[in-house]
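Engineer: Sending over run.cif (mmCIF, C-alpha atoms; chains and numbers go by the auth columns).
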data_final
loop_
_atom_site.group_PDB
_atom_site.id
_atom_site.type_symbol
_atom_site.label_atom_id
_atom_site.label_comp_id
_atom_site.label_asym_id
_atom_site.label_seq_id
_atom_site.Cartn_x
_atom_site.Cartn_y
_atom_site.Cartn_z
_atom_site.B_iso_or_equiv
_atom_site.auth_seq_id
_atom_site.auth_asym_id
ATOM 1 C CA VAL A 1 7.383 -5.678 14.315 0.00 1 A
ATOM 2 C CA ASN A 2 5.778 -9.079 13.841 0.00 2 A
ATOM 3 C CA ASN A 3 2.281 -7.959 14.892 0.00 3 A
ATOM 4 C CA GLN A 4 1.023 -7.054 11.428 0.00 4 A
ATOM 5 C CA ASP A 5 -2.713 -7.216 12.057 0.00 5 A
ATOM 6 C CA ASN A 6 -5.125 -6.551 14.868 0.00 6 A
ATOM 7 C CA SER A 7 -6.509 -10.079 15.143 0.00 7 A
ATOM 8 C CA GLU A 8 -6.244 -9.892 18.931 0.00 8 A
ATOM 9 C CA LEU A 9 -9.041 -7.291 18.981 0.00 9 A
ATOM 10 C CA GLY A 10 -11.630 -9.982 18.419 0.00 10 A
ATOM 11 C CA GLU A 11 -14.124 -10.923 15.797 0.00 11 A
ATOM 12 C CA ASP A 12 -16.622 -8.172 16.585 0.00 12 A
ATOM 13 C CA SER A 13 -14.323 -5.155 16.236 0.00 13 A
ATOM 14 C CA GLY A 14 -15.265 -2.448 13.767 0.00 14 A
ATOM 15 C CA PRO A 15 -13.328 -0.469 11.173 0.00 15 A
ATOM 16 C CA LEU A 16 -12.444 2.290 13.661 0.00 16 A
ATOM 17 C CA ALA A 17 -10.456 -0.321 15.611 0.00 17 A
ATOM 18 C CA GLU A 18 -8.533 -1.099 12.416 0.00 18 A
ATOM 19 C CA ILE A 19 -7.684 2.577 11.931 0.00 19 A
ATOM 20 C CA GLU A 20 -6.599 2.875 15.552 0.00 20 A
ATOM 21 C CA PHE A 21 -4.429 -0.248 15.232 0.00 21 A
ATOM 22 C CA TRP A 22 -2.532 1.264 12.296 0.00 22 A
ATOM 23 C CA ARG A 23 -2.284 4.643 14.033 0.00 23 A
ATOM 24 C CA SER A 24 -0.722 2.990 17.087 0.00 24 A
ATOM 25 C CA ARG A 25 1.558 0.786 14.970 0.00 25 A
ATOM 26 C CA SER A 26 2.716 3.799 12.977 0.00 26 A
ATOM 27 C CA VAL A 27 3.570 5.740 16.137 0.00 27 A
ATOM 28 C CA ASP A 28 5.375 2.766 17.698 0.00 28 A
ATOM 29 C CA LEU A 29 7.463 1.906 14.639 0.00 29 A
ATOM 30 C CA SER A 30 8.266 5.555 13.889 0.00 30 A
ATOM 31 C CA GLY A 31 9.566 5.882 17.442 0.00 31 A
ATOM 32 C CA ILE A 32 11.767 2.830 17.052 0.00 32 A
ATOM 33 C CA ARG A 33 12.942 4.068 13.657 0.00 33 A
ATOM 34 C CA SER A 34 13.942 7.438 15.106 0.00 34 A
ATOM 35 C CA GLN A 35 15.870 5.646 17.869 0.00 35 A
ATOM 36 C CA LEU A 36 17.723 3.617 15.230 0.00 36 A
ATOM 37 C CA ASP A 37 18.623 6.836 13.406 0.00 37 A
ATOM 38 C CA HIS A 38 20.058 8.360 16.602 0.00 38 A
ATOM 39 C CA GLU A 39 23.736 9.320 16.420 0.00 39 A
ATOM 40 C CA GLY A 40 24.699 7.036 19.326 0.00 40 A
ATOM 41 C CA VAL A 41 23.207 3.984 17.638 0.00 41 A
ATOM 42 C CA GLN A 42 24.962 4.855 14.392 0.00 42 A
ATOM 43 C CA THR A 43 28.260 5.097 16.280 0.00 43 A
ATOM 44 C CA ILE A 44 27.710 1.630 17.748 0.00 44 A
ATOM 45 C CA VAL A 45 26.895 0.237 14.292 0.00 45 A
ATOM 46 C CA SER A 46 30.118 1.769 12.995 0.00 46 A
ATOM 47 C CA VAL A 47 32.113 0.102 15.792 0.00 47 A
ATOM 48 C CA LEU A 48 30.431 -3.239 15.056 0.00 48 A
ATOM 49 C CA GLU A 49 31.324 -2.856 11.359 0.00 49 A
ATOM 50 C CA GLN A 50 34.982 -2.164 12.166 0.00 50 A
ATOM 51 C CA ALA A 51 35.082 -5.116 14.562 0.00 51 A
ATOM 52 C CA LYS A 52 33.393 -7.334 11.945 0.00 52 A
ATOM 53 C CA SER A 53 30.947 -8.395 14.635 0.00 53 A
ATOM 54 C CA SER A 54 28.647 -11.349 14.051 0.00 54 A
ATOM 55 C CA TYR A 55 25.884 -9.287 15.694 0.00 55 A
ATOM 56 C CA LEU A 56 25.924 -6.654 12.947 0.00 56 A
ATOM 57 C CA GLU A 57 24.104 -8.557 10.197 0.00 57 A
ATOM 58 C CA PRO A 58 21.114 -9.627 12.362 0.00 58 A
ATOM 59 C CA PHE A 59 20.902 -6.088 13.744 0.00 59 A
ATOM 60 C CA LEU A 60 20.935 -4.542 10.260 0.00 60 A
ATOM 61 C CA ASN A 61 18.339 -7.048 9.044 0.00 61 A
ATOM 62 C CA LEU A 62 16.040 -6.163 11.925 0.00 62 A
ATOM 63 C CA SER A 63 16.692 -2.465 11.414 0.00 63 A
ATOM 64 C CA ASN A 64 15.763 -2.757 7.717 0.00 64 A
ATOM 65 C CA LEU A 65 12.620 -4.692 8.640 0.00 65 A
ATOM 66 C CA ILE A 66 11.620 -1.948 11.082 0.00 66 A
ATOM 67 C CA GLN A 67 12.186 0.685 8.373 0.00 67 A
ATOM 68 C CA ARG A 68 9.985 -1.223 5.895 0.00 68 A
ATOM 69 C CA GLU A 69 7.241 -1.926 8.433 0.00 69 A
ATOM 70 C CA ALA A 70 7.216 1.716 9.584 0.00 70 A
ATOM 71 C CA LEU A 71 6.800 2.852 5.987 0.00 71 A
ATOM 72 C CA SER A 72 4.016 0.313 5.490 0.00 72 A
ATOM 73 C CA ALA A 73 2.214 1.389 8.682 0.00 73 A
ATOM 74 C CA GLU A 74 2.406 5.080 7.716 0.00 74 A
ATOM 75 C CA ASP A 75 1.075 4.331 4.235 0.00 75 A
ATOM 76 C CA ASN A 76 -1.749 2.148 5.580 0.00 76 A
ATOM 77 C CA LEU A 77 -2.733 4.834 8.072 0.00 77 A
ATOM 78 C CA LYS A 78 -2.729 7.492 5.357 0.00 78 A
ATOM 79 C CA PHE A 79 -5.232 5.529 3.290 0.00 79 A
ATOM 80 C CA LEU A 80 -7.315 4.220 6.183 0.00 80 A
ATOM 81 C CA SER A 81 -7.719 7.782 7.468 0.00 81 A
ATOM 82 C CA SER A 82 -10.057 8.387 4.528 0.00 82 A
ATOM 83 C CA LEU A 83 -12.463 5.969 6.259 0.00 83 A
ATOM 84 C CA GLU A 84 -12.491 7.772 9.590 0.00 84 A
ATOM 85 C CA GLN A 85 -15.366 10.160 8.886 0.00 85 A
ATOM 86 C CA PRO A 86 -17.766 7.628 7.305 0.00 86 A
ATOM 87 C CA CYS A 87 -16.863 4.980 9.905 0.00 87 A
ATOM 88 C CA THR A 88 -17.509 7.433 12.735 0.00 88 A
ATOM 89 C CA GLN A 89 -20.898 8.162 11.186 0.00 89 A
ATOM 90 C CA LEU A 90 -21.547 4.432 10.883 0.00 90 A
ATOM 91 C CA ALA A 91 -20.610 3.837 14.524 0.00 91 A
ATOM 92 C CA LYS A 92 -23.244 6.373 15.618 0.00 92 A
ATOM 93 C CA ALA A 93 -25.877 5.569 13.010 0.00 93 A
ATOM 94 C CA HIS A 94 -29.381 4.321 13.538 0.00 94 A
ATOM 95 C CA PRO A 95 -30.063 1.204 11.432 0.00 95 A
ATOM 96 C CA LYS A 96 -32.307 3.162 9.042 0.00 96 A
ATOM 97 C CA ASP A 97 -29.448 5.615 8.344 0.00 97 A
ATOM 98 C CA ILE A 98 -26.803 3.002 7.522 0.00 98 A
ATOM 99 C CA LEU A 99 -27.795 2.644 3.871 0.00 99 A
ATOM 100 C CA ALA A 100 -26.977 6.298 3.182 0.00 100 A
ATOM 101 C CA ILE A 101 -23.481 5.940 4.686 0.00 101 A
ATOM 102 C CA LEU A 102 -22.423 2.787 2.831 0.00 102 A
ATOM 103 C CA PRO A 103 -21.742 4.168 -0.693 0.00 103 A
ATOM 104 C CA LYS A 104 -19.068 6.623 0.487 0.00 104 A
ATOM 105 C CA LEU A 105 -17.596 4.037 2.839 0.00 105 A
ATOM 106 C CA LEU A 106 -17.389 1.367 0.135 0.00 106 A
ATOM 107 C CA TYR A 107 -15.960 3.877 -2.346 0.00 107 A
ATOM 108 C CA CYS A 108 -13.160 4.667 0.130 0.00 108 A
ATOM 109 C CA ILE A 109 -12.438 0.953 0.616 0.00 109 A
ATOM 110 C CA ARG A 110 -12.284 0.474 -3.142 0.00 110 A
ATOM 111 C CA MET A 111 -9.889 3.420 -3.437 0.00 111 A
ATOM 112 C CA ILE A 112 -7.667 1.861 -0.736 0.00 112 A
ATOM 113 C CA PHE A 113 -7.666 -1.465 -2.598 0.00 113 A
ATOM 114 C CA ASN A 114 -6.781 0.208 -5.909 0.00 114 A
ATOM 115 C CA VAL A 115 -4.221 2.777 -4.753 0.00 115 A
ATOM 116 C CA SER A 116 -2.591 1.684 -1.489 0.00 116 A
ATOM 117 C CA ARG A 117 0.867 0.135 -1.792 0.00 117 A
ATOM 118 C CA PHE A 118 0.599 -2.107 1.265 0.00 118 A
ATOM 119 C CA TYR A 119 -3.071 -2.476 2.272 0.00 119 A
ATOM 120 C CA ASN A 120 -4.248 -3.693 -1.133 0.00 120 A
ATOM 121 C CA THR A 121 -4.183 -7.426 -0.449 0.00 121 A
ATOM 122 C CA PRO A 122 -7.397 -9.452 -0.649 0.00 122 A
ATOM 123 C CA ASP A 123 -6.939 -10.634 2.964 0.00 123 A
ATOM 124 C CA ARG A 124 -6.642 -7.118 4.357 0.00 124 A
ATOM 125 C CA VAL A 125 -9.522 -5.704 2.336 0.00 125 A
ATOM 126 C CA SER A 126 -11.825 -8.629 3.131 0.00 126 A
ATOM 127 C CA GLY A 127 -10.878 -8.232 6.806 0.00 127 A
ATOM 128 C CA LEU A 128 -11.782 -4.546 6.581 0.00 128 A
ATOM 129 C CA LEU A 129 -15.118 -5.373 4.943 0.00 129 A
ATOM 130 C CA ARG A 130 -15.744 -7.906 7.718 0.00 130 A
ATOM 131 C CA LYS A 131 -15.156 -5.132 10.268 0.00 131 A
ATOM 132 C CA VAL A 132 -17.656 -2.904 8.437 0.00 132 A
ATOM 133 C CA SER A 133 -20.139 -5.787 8.545 0.00 133 A
ATOM 134 C CA ASN A 134 -19.447 -6.211 12.286 0.00 134 A
ATOM 135 C CA GLU A 135 -20.165 -2.525 12.864 0.00 135 A
ATOM 136 C CA ILE A 136 -23.470 -2.764 10.989 0.00 136 A
ATOM 137 C CA ILE A 137 -24.448 -5.782 13.080 0.00 137 A
ATOM 138 C CA ASN A 138 -23.409 -3.966 16.275 0.00 138 A
ATOM 139 C CA ARG A 139 -25.527 -0.942 15.315 0.00 139 A
ATOM 140 C CA CYS A 140 -28.567 -3.152 14.661 0.00 140 A
ATOM 141 C CA VAL A 141 -28.085 -5.100 17.897 0.00 141 A
ATOM 142 C CA ALA A 142 -27.828 -1.853 19.864 0.00 142 A
ATOM 143 C CA ASN A 143 -31.004 -0.399 18.371 0.00 143 A
ATOM 144 C CA ILE A 144 -33.338 -3.334 17.819 0.00 144 A
ATOM 145 C CA SER A 145 -35.036 -4.816 20.837 0.00 145 A
ATOM 146 C CA LEU A 146 -35.444 -8.587 20.626 0.00 146 A
ATOM 147 C CA ASP A 147 -37.840 -8.454 23.577 0.00 147 A
ATOM 148 C CA GLU A 148 -40.197 -6.240 21.567 0.00 148 A
ATOM 149 C CA ILE A 149 -39.969 -8.553 18.571 0.00 149 A
ATOM 150 C CA PHE A 150 -40.676 -11.629 20.701 0.00 150 A
ATOM 151 C CA ASN A 151 -43.578 -9.818 22.377 0.00 151 A
ATOM 152 C CA GLY A 152 -45.163 -9.203 18.974 0.00 152 A
ATOM 153 C CA ASN A 153 -44.140 -5.546 18.538 0.00 153 A
ATOM 154 C CA VAL A 154 -42.422 -6.160 15.210 0.00 154 A
ATOM 155 C CA ASP A 155 -43.662 -2.903 13.672 0.00 155 A
ATOM 156 C CA SER A 156 -41.928 -0.776 16.327 0.00 156 A
ATOM 157 C CA CYS A 157 -38.594 -2.421 15.448 0.00 157 A
ATOM 158 C CA LEU A 158 -38.887 -1.814 11.733 0.00 158 A
#
Translate this structure into structure tokens?
Structural biologist:
Amino acid sequence: VNNQDNSELGEDSGPLAEIEFWRSRSVDLSGIRSQLDHEGVQTIVSVLEQAKSSYLEPFLNLSNLIQREALSAEDNLKFLSSLEQPCTQLAKAHPKDILAILPKLLYCIRMIFNVSRFYNTPDRVSGLLRKVSNEIINRCVANISLDEIFNGNVDSCL
């Protein structure tokens, strides 16, 4: 529940890693939420209420947090899914083709910032833009030979 970003993926991860993080988080929290909604758990909660247990309030607080975070993860995934197609293109693109992909990609990010209920914070959007930048750098590194540049073959790298 507390892992609300994918900072453990490293500084060079791309936007597809962000989408996958939210997909995984959505599946995990939805599974926990469905377990909390199970009849057996509800029976136990009822018994704890009748016994006026001190464990009930922390359990209900955590349960409510899981419900909110599951909703947030599902919403984030819904909006981030709009990036999947352009980000997949970007991940396979040759450096000369990147410019044609960026307008649609940036339009989708702007839509997420303007419309999303949970992903519209400056920190999340700037992190997403950083991941797009990382992917562009990764594509250039994969396709541009530094050896050729250092050997004087600059034209072949253009």
Engineer: Using only C-alpha atoms, what table do you get, as CSV, when you list each residue of stretch 4-47 of chain A with an atom no more than 9 Å from stretch 73-76 of chain A, its nearest pair of atoms, and their distance in Å rounded to one decimal, rows by chain then rising number?
Structural biologist:
residue,atom,partner,partner_atom,distance
A:Gln4,CA,A:Ala73,CA,9.0
A:Ile19,CA,A:Asn76,CA,8.7
A:Trp22,CA,A:Ala73,CA,6.0
A:Arg23,CA,A:Ala73,CA,7.7
A:Arg25,CA,A:Ala73,CA,6.4
A:Ser26,CA,A:Ala73,CA,5.0
A:Val27,CA,A:Glu74,CA,8.5
A:Leu29,CA,A:Ala73,CA,8.0
A:Ser30,CA,A:Glu74,CA,8.5
Engineer: Take the residues that were just selected and, keeping C-alpha atoms, output them as a PDB file, in the frame of the given file.
Structural biologist:
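Result written to part.pdb:
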ATOM      1  CA  GLN A   4       1.023  -7.054  11.428  1.00  0.00           C
ATOM      2  CA  ILE A  19      -7.684   2.577  11.931  1.00  0.00           C
ATOM      3  CA  TRP A  22      -2.532   1.264  12.296  1.00  0.00           C
ATOM      4  CA  ARG A  23      -2.284   4.643  14.033  1.00  0.00           C
ATOM      5  CA  ARG A  25       1.558   0.786  14.970  1.00  0.00           C
ATOM      6  CA  SER A  26       2.716   3.799  12.977  1.00  0.00           C
ATOM      7  CA  VAL A  27       3.570   5.740  16.137  1.00  0.00           C
ATOM      8  CA  LEU A  29       7.463   1.906  14.639  1.00  0.00           C
ATOM      9  CA  SER A  30       8.266   5.555  13.889  1.00  0.00           C
TER      10      SER A  30
END
Engineer: Taking into account all atoms listed in the file, which residue in the set A:Ile144, A:Ile44, A:Ile66, A:Leu80 is nearest to A:Val125?
Structural biologist: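 Closest to A:Val125, using all atoms listed in the file: A:Leu80.
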Engineer: Which of these residues is nearest to A:Ala17, using all atoms listed in the file: A:Cys87, A:Arg124, A:Ser133, A:Pro103?
Structural biologist: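 Between A:Cys87, A:Arg124, A:Ser133, A:Pro103, the residue approaching A:Ala17 most closely is A:Cys87.
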Engineer: Would you be able to write out as JSON, numbers by chain which residues have an atom within 9 Å of (-24.7, 2.4, 18.4) in the file's coordinates, counting only C-alpha atoms?
Structural biologist: {"A": [90, 91, 92, 93, 94, 95, 135, 138, 139, 140, 141, 142, 143]}
Engineer: For a test of reading the model, state the distance in Å between atom CA of A:Ile149 and atom CA of A:Arg130, rounded to one decimal.
Structural biologist: 26.6 Å
Engineer: Find the distance between atom CA of A:Met111 and atom CA of A:Ser82 and write it in Å to one decimal.
Structural biologist: 9.4 Å
Engineer: Using only C-alpha atoms, which of A:Leu16, A:Ile136, A:Val41, A:Val115 sits nearest A:Lys96?
Structural biologist: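 Of A:Leu16, A:Ile136, A:Val41, A:Val115, the one nearest A:Lys96, counting only C-alpha atoms, is A:Ile136.
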Engineer: For A:Leu129, which of A:Ser34, A:Ser54, A:Ser24, A:Ser13 is the closest residue, counting only C-alpha atoms?
Structural biologist: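 Among the listed residues, the smallest separation from A:Leu129 belongs to A:Ser13.
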Engineer: Grab the atom CA of A:Gln85 to atom CA of A:Leu105 distance for me, in Å with one decimal place.
Structural biologist: 8.9 Å
Engineer: Find the spatial neighbours of A:Leu56, counting all atoms listed in the file, within a cut-off of 12 Å - ignore same-chain residues fewer than 6 positions away - and output them as a list in words.
Structural biologist: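 The neighbour list is Val41, Gln42, Ile44, Val45, Ser46, Val47, Leu48, Glu49, Gln50, Leu62 and Ser63 of chain A.
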Engineer: May I have the residues from that selection written out with C-alpha atoms, as a PDB file, keeping the file's coordinate frame?
Structural biologist:
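So selection_18.pdb came out as:
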ATOM      1  CA  VAL A  41      23.207   3.984  17.638  1.00  0.00           C
ATOM      2  CA  GLN A  42      24.962   4.855  14.392  1.00  0.00           C
ATOM      3  CA  ILE A  44      27.710   1.630  17.748  1.00  0.00           C
ATOM      4  CA  VAL A  45      26.895   0.237  14.292  1.00  0.00           C
ATOM      5  CA  SER A  46      30.118   1.769  12.995  1.00  0.00           C
ATOM      6  CA  VAL A  47      32.113   0.102  15.792  1.00  0.00           C
ATOM      7  CA  LEU A  48      30.431  -3.239  15.056  1.00  0.00           C
ATOM      8  CA  GLU A  49      31.324  -2.856  11.359  1.00  0.00           C
ATOM      9  CA  GLN A  50      34.982  -2.164  12.166  1.00  0.00           C
ATOM     10  CA  LEU A  62      16.040  -6.163  11.925  1.00  0.00           C
ATOM     11  CA  SER A  63      16.692  -2.465  11.414  1.00  0.00           C
TER      12      SER A  63
END
Engineer: Choose the residue, out of A:Leu128, A:Asp28, A:Ile137, A:Ala51, that has the smallest atom-to-atom separation from A:Leu106; count only C-alpha atoms.
Structural biologist: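 Looking only at the distances to A:Leu106, the closest residue turns out to be A:Leu128.
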